[in-house]
Amino acid sequence: MTPTSNATHLSYRAAGADGVTTRAALLMVGVLLLQLAFITSYVGAFHNPRPERVDLAAVAPGPAADRLVRELDALPGEPFDARAVGSEAAAVRKLRHREVDAALVADPAGTTDRLFVASGAGASLSAAVEQAVTAVEKARGRTVRTVDAVPVSKGDARGLTSFYLVVGWCVGGYLCAAAMAISAGARPATPRRAVIRLGGLALYSALAGLGGAVIAGPILDALPGSAWALWGLGALVVFAVGAATLACQAIAGVVGIGLAILLIVVLGNPSAGGAYPYPLLPDFWRAIGPALPPGAGTWTARSIAYFRGNGVTGPLLVLSAWAVAGTAVTLVASVLRGRRPGRGVQLVPPVPGSPHL
């Protein structure tokens, strides 16, 4: 090999070393693991949706109600968790208050029973319940007539608008926090910088919540319900996700962005009850969904749109907990980081000829 070719070979090696550093290689491994987790989570949650322990109100006269509950609870695979309710009106009221997912009203004078569903809580759940109840009634020699007590609006295809709206708010929350990290460092060096970031996030959250509520409501007419309530929900969702992302960054630096994506996108989105509501999800996703911002946000958005705000106390507390915890961790981490030796104080060498103090 000639000296010229040898020098060229060394320059290529040097260029390659600069192009993929050890740190970059480790980040690539992290991205690969995150990608595989994404595939596992979404496929695992959605590959085999089936009803399991769906809350079902059962209405029948006298002892027939208890017998109907026992028959529904004894079905293979436990598709229903039935409970006896005294009247049709009480059962429908529970459905509209989000206390049950469906209601079956037996007709003692005929052979056709009525099934009340709420497609506003998720069209896929209503369809799955109708299919399962129809099979049960057919085996009993009866037929069923389905009544949609809480139908979705004309512009809300299959009741998915609430989910997509909340997903958009969540994306804005962690991207806003990530943008702050990219522009000025992942870890806030001082409490003052942390407060400024949180204040900027609060302003962004208010604007993002308003924009999403106006687009989904008045502009596209895709989601009914109070635009004011949706605005408040959107601001809370965006701030909760953004504050959680800032907290992850304060603890783990740039890697914290990946942790936030793991929580919100990889685990939160498929377990949110959007495409398939909770009773259709496997146990793991059904368990974690209500505790994560996408799930709490989706449930609340649907309640605002179709259920007059019923059943939102728990989900709002979940979102508030994420917002408060994210804020607290971000502030505490900035204080602790500022106390480290050499942090927050810039040492300036003495100017030659100046007196030493």
# chains A, B, ... in the order shown; residues from 1 in each chain; ligands from 1

call {"tool": "select_by_dssp", "arguments": {"residues": "segment 87-298 of chain A", "states": "strand (DSSP E)", "output": "PyMOL selection string"}}
result
chain A and resi 102-105+112-117+143-148

call {"tool": "write_last_selection", "arguments": {"atoms": "N, CA and C atoms", "output": "PDB file, in the first residue's frame"}}
result
ATOM      1  N   ALA A 102     -73.053  -1.904  29.476  1.00  0.00           N
ATOM      2  CA  ALA A 102     -74.228  -2.283  28.702  1.00  0.00           C
ATOM      3  C   ALA A 102     -75.310  -2.736  29.677  1.00  0.00           C
ATOM      4  N   ALA A 103     -76.528  -2.898  29.142  1.00  0.00           N
ATOM      5  CA  ALA A 103     -77.646  -3.342  29.976  1.00  0.00           C
ATOM      6  C   ALA A 103     -78.534  -4.267  29.163  1.00  0.00           C
ATOM      7  N   LEU A 104     -78.877  -5.413  29.748  1.00  0.00           N
ATOM      8  CA  LEU A 104     -79.751  -6.391  29.095  1.00  0.00           C
ATOM      9  C   LEU A 104     -81.069  -6.431  29.867  1.00  0.00           C
ATOM     10  N   VAL A 105     -82.155  -6.124  29.166  1.00  0.00           N
ATOM     11  CA  VAL A 105     -83.485  -6.081  29.780  1.00  0.00           C
ATOM     12  C   VAL A 105     -84.319  -7.228  29.207  1.00  0.00           C
ATOM     13  N   THR A 112     -88.219 -11.647  22.869  1.00  0.00           N
ATOM     14  CA  THR A 112     -87.230 -10.677  22.399  1.00  0.00           C
ATOM     15  C   THR A 112     -86.820  -9.769  23.556  1.00  0.00           C
ATOM     16  N   ASP A 113     -85.543  -9.815  23.910  1.00  0.00           N
ATOM     17  CA  ASP A 113     -85.004  -8.952  24.961  1.00  0.00           C
ATOM     18  C   ASP A 113     -84.337  -7.739  24.326  1.00  0.00           C
ATOM     19  N   ARG A 114     -84.084  -6.721  25.139  1.00  0.00           N
ATOM     20  CA  ARG A 114     -83.449  -5.503  24.643  1.00  0.00           C
ATOM     21  C   ARG A 114     -82.068  -5.336  25.269  1.00  0.00           C
ATOM     22  N   LEU A 115     -81.115  -5.019  24.413  1.00  0.00           N
ATOM     23  CA  LEU A 115     -79.745  -4.758  24.846  1.00  0.00           C
ATOM     24  C   LEU A 115     -79.444  -3.281  24.636  1.00  0.00           C
ATOM     25  N   PHE A 116     -79.134  -2.580  25.726  1.00  0.00           N
ATOM     26  CA  PHE A 116     -78.773  -1.167  25.643  1.00  0.00           C
ATOM     27  C   PHE A 116     -77.248  -1.034  25.665  1.00  0.00           C
ATOM     28  N   VAL A 117     -76.709  -0.338  24.673  1.00  0.00           N
ATOM     29  CA  VAL A 117     -75.269  -0.122  24.579  1.00  0.00           C
ATOM     30  C   VAL A 117     -75.004   1.373  24.476  1.00  0.00           C
ATOM     31  N   THR A 143     -84.297 -13.903  21.119  1.00  0.00           N
ATOM     32  CA  THR A 143     -83.654 -12.934  20.236  1.00  0.00           C
ATOM     33  C   THR A 143     -83.406 -11.650  21.017  1.00  0.00           C
ATOM     34  N   VAL A 144     -82.593 -10.762  20.424  1.00  0.00           N
ATOM     35  CA  VAL A 144     -82.250  -9.533  21.116  1.00  0.00           C
ATOM     36  C   VAL A 144     -82.367  -8.356  20.148  1.00  0.00           C
ATOM     37  N   ARG A 145     -82.853  -7.234  20.654  1.00  0.00           N
ATOM     38  CA  ARG A 145     -82.921  -5.994  19.876  1.00  0.00           C
ATOM     39  C   ARG A 145     -82.003  -4.979  20.547  1.00  0.00           C
ATOM     40  N   THR A 146     -81.069  -4.455  19.792  1.00  0.00           N
ATOM     41  CA  THR A 146     -80.067  -3.536  20.350  1.00  0.00           C
ATOM     42  C   THR A 146     -80.544  -2.093  20.253  1.00  0.00           C
ATOM     43  N   VAL A 147     -80.372  -1.369  21.347  1.00  0.00           N
ATOM     44  CA  VAL A 147     -80.712   0.055  21.420  1.00  0.00           C
ATOM     45  C   VAL A 147     -79.456   0.815  21.831  1.00  0.00           C
ATOM     46  N   ASP A 148     -79.039   1.755  21.002  1.00  0.00           N
ATOM     47  CA  ASP A 148     -77.865   2.572  21.321  1.00  0.00           C
ATOM     48  C   ASP A 148     -78.327   3.767  22.147  1.00  0.00           C
TER      49      ASP A 148
END

call {"tool": "closest_atom_pairs", "arguments": {"of": "segment 94-136 of chain A", "to": "segment 297-310 of chain A", "cutoff": "10 Å", "atoms": "only C-alpha atoms", "output": "Markdown table"}}
result
| residue | atom | partner | partner_atom | distance |
| --- | --- | --- | --- | --- |
| A:Leu95 | CA | A:Phe307 | CA | 9.1 |
| A:Arg96 | CA | A:Phe307 | CA | 5.9 |
| A:His97 | CA | A:Asn310 | CA | 5.3 |
| A:Arg98 | CA | A:Asn310 | CA | 6.7 |
| A:Glu99 | CA | A:Asn310 | CA | 9.1 |
| A:Ala118 | CA | A:Tyr306 | CA | 9.1 |
| A:Ser119 | CA | A:Tyr306 | CA | 9.4 |
| A:Gly120 | CA | A:Tyr306 | CA | 5.9 |
| A:Ala121 | CA | A:Arg302 | CA | 6.4 |
| A:Gly122 | CA | A:Arg302 | CA | 8.8 |

call {"tool": "closest_residue", "arguments": {"among": "A:Pro224, A:Gly314, A:Gly44, A:Gly141", "to": "Leu281 of chain A", "atoms": "only C-alpha atoms"}}
result
A:Gly44

call {"tool": "residues_around", "arguments": {"residues": "segment 235-247 of chain A", "least_positions_apart": "4", "cutoff": "7 Å", "atoms": "only C-alpha atoms", "output": "compact mmCIF listing (two decimals) with C-alpha atoms, in the first residue's frame"}}
result
# COMPACT_ATOMS: atom_id res chain seq x y z
CA TRP A 169 -52.27 16.58 22.94
CA CYS A 170 -49.86 13.99 24.36
CA GLY A 172 -47.48 18.05 21.75
CA GLY A 173 -46.64 17.72 25.44
CA TYR A 174 -43.55 15.57 25.07
CA CYS A 176 -42.54 20.69 23.58
CA ALA A 177 -40.44 19.40 26.47
CA LEU A 201 -44.88 24.65 29.12
CA ALA A 202 -47.96 26.00 30.92
CA SER A 205 -50.45 23.78 27.18
CA ALA A 206 -53.15 26.43 27.34
CA ALA A 208 -52.56 23.57 22.61
CA GLY A 209 -55.65 22.70 24.65
CA TRP A 231 -60.03 23.12 26.49
CA ILE A 251 -33.21 12.63 35.90
CA GLY A 256 -35.26 10.91 29.42
CA ILE A 257 -36.98 11.71 26.14
CA ALA A 260 -41.17 9.60 28.18
CA PRO A 293 -52.20 10.13 30.68
CA GLY A 297 -57.45 11.71 28.90
CA LEU A 319 -53.73 13.61 35.17
CA SER A 320 -53.27 16.05 38.05
CA TRP A 322 -48.76 13.38 36.68
CA ALA A 323 -48.67 17.16 36.39
CA GLY A 326 -43.55 16.02 37.00
CA THR A 327 -43.33 19.59 38.26
CA VAL A 329 -39.33 16.19 40.24
CA THR A 330 -38.18 18.83 37.74

call {"tool": "atom_distance", "arguments": {"atom1": "atom CA of Val195 of chain A", "atom2": "atom CA of Pro294 of chain A"}}
result
25.2 Å

call {"tool": "residues_around", "arguments": {"residues": "segment 52-69 of chain A", "least_positions_apart": "6", "cutoff": "6 Å", "atoms": "only C-alpha atoms", "output": "list in words"}}
result
Glu78, Pro79, Phe80, Asp81, Ala82, Arg83, Ala84, Val85, Ala91, Val100, Asp101, Ala102, Ala103, Leu104, Val105, Ala106 and Pro279 of chain A

call {"tool": "write_last_selection", "arguments": {"atoms": "N, CA and C atoms", "output": "compact mmCIF listing (two decimals), in the first residue's frame"}}
result
# COMPACT_ATOMS: atom_id res chain seq x y z
N GLU A 78 -65.63 -15.85 30.59
CA GLU A 78 -66.09 -14.74 31.43
C GLU A 78 -66.23 -13.42 30.66
N PRO A 79 -67.05 -13.40 29.61
CA PRO A 79 -67.20 -12.15 28.86
C PRO A 79 -67.93 -11.07 29.65
N PHE A 80 -68.74 -11.47 30.65
CA PHE A 80 -69.55 -10.48 31.37
C PHE A 80 -69.34 -10.56 32.88
N ASP A 81 -69.44 -9.41 33.50
CA ASP A 81 -69.55 -9.30 34.95
C ASP A 81 -70.92 -8.69 35.21
N ALA A 82 -71.92 -9.55 35.33
CA ALA A 82 -73.31 -9.09 35.38
C ALA A 82 -73.73 -8.74 36.80
N ARG A 83 -74.67 -7.83 36.88
CA ARG A 83 -75.26 -7.44 38.17
C ARG A 83 -76.75 -7.17 37.95
N ALA A 84 -77.56 -7.59 38.90
CA ALA A 84 -79.00 -7.39 38.79
C ALA A 84 -79.35 -5.94 39.12
N VAL A 85 -80.22 -5.36 38.30
CA VAL A 85 -80.70 -4.00 38.49
C VAL A 85 -82.22 -4.04 38.48
N ALA A 91 -81.14 0.81 34.91
CA ALA A 91 -80.04 0.24 34.12
C ALA A 91 -79.53 1.24 33.10
N VAL A 100 -71.82 1.12 34.14
CA VAL A 100 -71.82 -0.16 33.45
C VAL A 100 -71.53 0.10 31.98
N ASP A 101 -71.19 -0.96 31.27
CA ASP A 101 -70.89 -0.84 29.84
C ASP A 101 -72.07 -1.18 28.95
N ALA A 102 -73.05 -1.90 29.48
CA ALA A 102 -74.23 -2.28 28.70
C ALA A 102 -75.31 -2.74 29.68
N ALA A 103 -76.53 -2.90 29.14
CA ALA A 103 -77.65 -3.34 29.98
C ALA A 103 -78.53 -4.27 29.16
N LEU A 104 -78.88 -5.41 29.75
CA LEU A 104 -79.75 -6.39 29.10
C LEU A 104 -81.07 -6.43 29.87
N VAL A 105 -82.15 -6.12 29.17
CA VAL A 105 -83.48 -6.08 29.78
C VAL A 105 -84.32 -7.23 29.21
N ALA A 106 -84.65 -8.19 30.06
CA ALA A 106 -85.43 -9.35 29.63
C ALA A 106 -86.91 -9.01 29.57
N PRO A 279 -62.46 -3.22 28.41
CA PRO A 279 -62.90 -4.61 28.51
C PRO A 279 -62.46 -5.51 27.36

call {"tool": "atom_distance", "arguments": {"atom1": "atom CA of Asn48 of chain A", "atom2": "atom CA of Gly273 of chain A"}}
result
14.3 Å

call {"tool": "atom_distance", "arguments": {"atom1": "atom CA of Val166 of chain A", "atom2": "atom CA of Leu233 of chain A"}}
result
9.1 Å

call {"tool": "closest_residue", "arguments": {"among": "A:Ala127, A:Leu267, A:Leu316, A:Leu207", "to": "Ala287 of chain A", "atoms": "only C-alpha atoms"}}
result
A:Leu267

call {"tool": "closest_residue", "arguments": {"among": "A:Gly289, A:Gly159, A:Gly168, A:Gly295", "to": "Ile215 of chain A", "atoms": "only C-alpha atoms"}}
result
A:Gly168

call {"tool": "decode", "arguments": {"residues": "segment 143-210 of chain A", "atoms": "C-alpha atoms", "output": "PDB file, in the first residue's frame"}}
result
ATOM      1  CA  THR A 143     -83.654 -12.934  20.236  1.00  0.00           C
ATOM      2  CA  VAL A 144     -82.250  -9.533  21.116  1.00  0.00           C
ATOM      3  CA  ARG A 145     -82.921  -5.994  19.876  1.00  0.00           C
ATOM      4  CA  THR A 146     -80.067  -3.536  20.350  1.00  0.00           C
ATOM      5  CA  VAL A 147     -80.712   0.055  21.420  1.00  0.00           C
ATOM      6  CA  ASP A 148     -77.865   2.572  21.321  1.00  0.00           C
ATOM      7  CA  ALA A 149     -78.581   4.743  24.362  1.00  0.00           C
ATOM      8  CA  VAL A 150     -75.517   6.967  23.852  1.00  0.00           C
ATOM      9  CA  PRO A 151     -74.792   7.090  20.117  1.00  0.00           C
ATOM     10  CA  VAL A 152     -71.724   8.733  18.630  1.00  0.00           C
ATOM     11  CA  SER A 153     -72.172  11.968  16.747  1.00  0.00           C
ATOM     12  CA  LYS A 154     -72.318  11.996  12.957  1.00  0.00           C
ATOM     13  CA  GLY A 155     -68.827  13.458  12.628  1.00  0.00           C
ATOM     14  CA  ASP A 156     -67.182  11.045  15.076  1.00  0.00           C
ATOM     15  CA  ALA A 157     -66.433   7.898  13.091  1.00  0.00           C
ATOM     16  CA  ARG A 158     -66.587   4.863  15.411  1.00  0.00           C
ATOM     17  CA  GLY A 159     -66.104   7.114  18.433  1.00  0.00           C
ATOM     18  CA  LEU A 160     -62.357   7.480  17.888  1.00  0.00           C
ATOM     19  CA  THR A 161     -62.123  11.282  17.811  1.00  0.00           C
ATOM     20  CA  SER A 162     -61.635  11.548  21.580  1.00  0.00           C
ATOM     21  CA  PHE A 163     -58.704   9.157  21.425  1.00  0.00           C
ATOM     22  CA  TYR A 164     -57.002  10.866  18.497  1.00  0.00           C
ATOM     23  CA  LEU A 165     -57.515  14.280  20.092  1.00  0.00           C
ATOM     24  CA  VAL A 166     -55.848  13.137  23.314  1.00  0.00           C
ATOM     25  CA  VAL A 167     -53.023  11.449  21.381  1.00  0.00           C
ATOM     26  CA  GLY A 168     -52.388  14.754  19.623  1.00  0.00           C
ATOM     27  CA  TRP A 169     -52.274  16.577  22.941  1.00  0.00           C
ATOM     28  CA  CYS A 170     -49.858  13.990  24.356  1.00  0.00           C
ATOM     29  CA  VAL A 171     -47.565  14.287  21.326  1.00  0.00           C
ATOM     30  CA  GLY A 172     -47.484  18.054  21.750  1.00  0.00           C
ATOM     31  CA  GLY A 173     -46.644  17.718  25.436  1.00  0.00           C
ATOM     32  CA  TYR A 174     -43.547  15.572  25.072  1.00  0.00           C
ATOM     33  CA  LEU A 175     -42.380  17.283  21.876  1.00  0.00           C
ATOM     34  CA  CYS A 176     -42.541  20.687  23.576  1.00  0.00           C
ATOM     35  CA  ALA A 177     -40.441  19.399  26.470  1.00  0.00           C
ATOM     36  CA  ALA A 178     -38.043  17.689  24.060  1.00  0.00           C
ATOM     37  CA  ALA A 179     -37.637  20.911  22.078  1.00  0.00           C
ATOM     38  CA  MET A 180     -36.586  22.717  25.258  1.00  0.00           C
ATOM     39  CA  ALA A 181     -33.985  20.026  25.905  1.00  0.00           C
ATOM     40  CA  ILE A 182     -32.582  20.169  22.380  1.00  0.00           C
ATOM     41  CA  SER A 183     -32.346  23.948  22.406  1.00  0.00           C
ATOM     42  CA  ALA A 184     -30.818  24.495  25.848  1.00  0.00           C
ATOM     43  CA  GLY A 185     -29.717  21.200  27.389  1.00  0.00           C
ATOM     44  CA  ALA A 186     -31.801  18.353  28.777  1.00  0.00           C
ATOM     45  CA  ARG A 187     -31.156  19.022  32.456  1.00  0.00           C
ATOM     46  CA  PRO A 188     -32.152  22.450  33.795  1.00  0.00           C
ATOM     47  CA  ALA A 189     -28.977  23.692  35.458  1.00  0.00           C
ATOM     48  CA  THR A 190     -30.733  25.985  37.930  1.00  0.00           C
ATOM     49  CA  PRO A 191     -34.142  26.240  39.618  1.00  0.00           C
ATOM     50  CA  ARG A 192     -34.698  29.497  37.733  1.00  0.00           C
ATOM     51  CA  ARG A 193     -34.299  27.723  34.390  1.00  0.00           C
ATOM     52  CA  ALA A 194     -36.619  24.930  35.557  1.00  0.00           C
ATOM     53  CA  VAL A 195     -39.294  27.468  36.528  1.00  0.00           C
ATOM     54  CA  ILE A 196     -38.957  29.221  33.174  1.00  0.00           C
ATOM     55  CA  ARG A 197     -39.354  25.905  31.335  1.00  0.00           C
ATOM     56  CA  LEU A 198     -42.414  24.959  33.370  1.00  0.00           C
ATOM     57  CA  GLY A 199     -43.909  28.395  32.787  1.00  0.00           C
ATOM     58  CA  GLY A 200     -43.315  28.103  29.056  1.00  0.00           C
ATOM     59  CA  LEU A 201     -44.882  24.648  29.116  1.00  0.00           C
ATOM     60  CA  ALA A 202     -47.956  26.005  30.921  1.00  0.00           C
ATOM     61  CA  LEU A 203     -48.457  28.686  28.286  1.00  0.00           C
ATOM     62  CA  TYR A 204     -47.970  26.158  25.483  1.00  0.00           C
ATOM     63  CA  SER A 205     -50.449  23.780  27.182  1.00  0.00           C
ATOM     64  CA  ALA A 206     -53.149  26.433  27.336  1.00  0.00           C
ATOM     65  CA  LEU A 207     -52.736  27.243  23.639  1.00  0.00           C
ATOM     66  CA  ALA A 208     -52.563  23.573  22.611  1.00  0.00           C
ATOM     67  CA  GLY A 209     -55.646  22.699  24.647  1.00  0.00           C
ATOM     68  CA  LEU A 210     -57.601  25.549  23.088  1.00  0.00           C
TER      69      LEU A 210
END
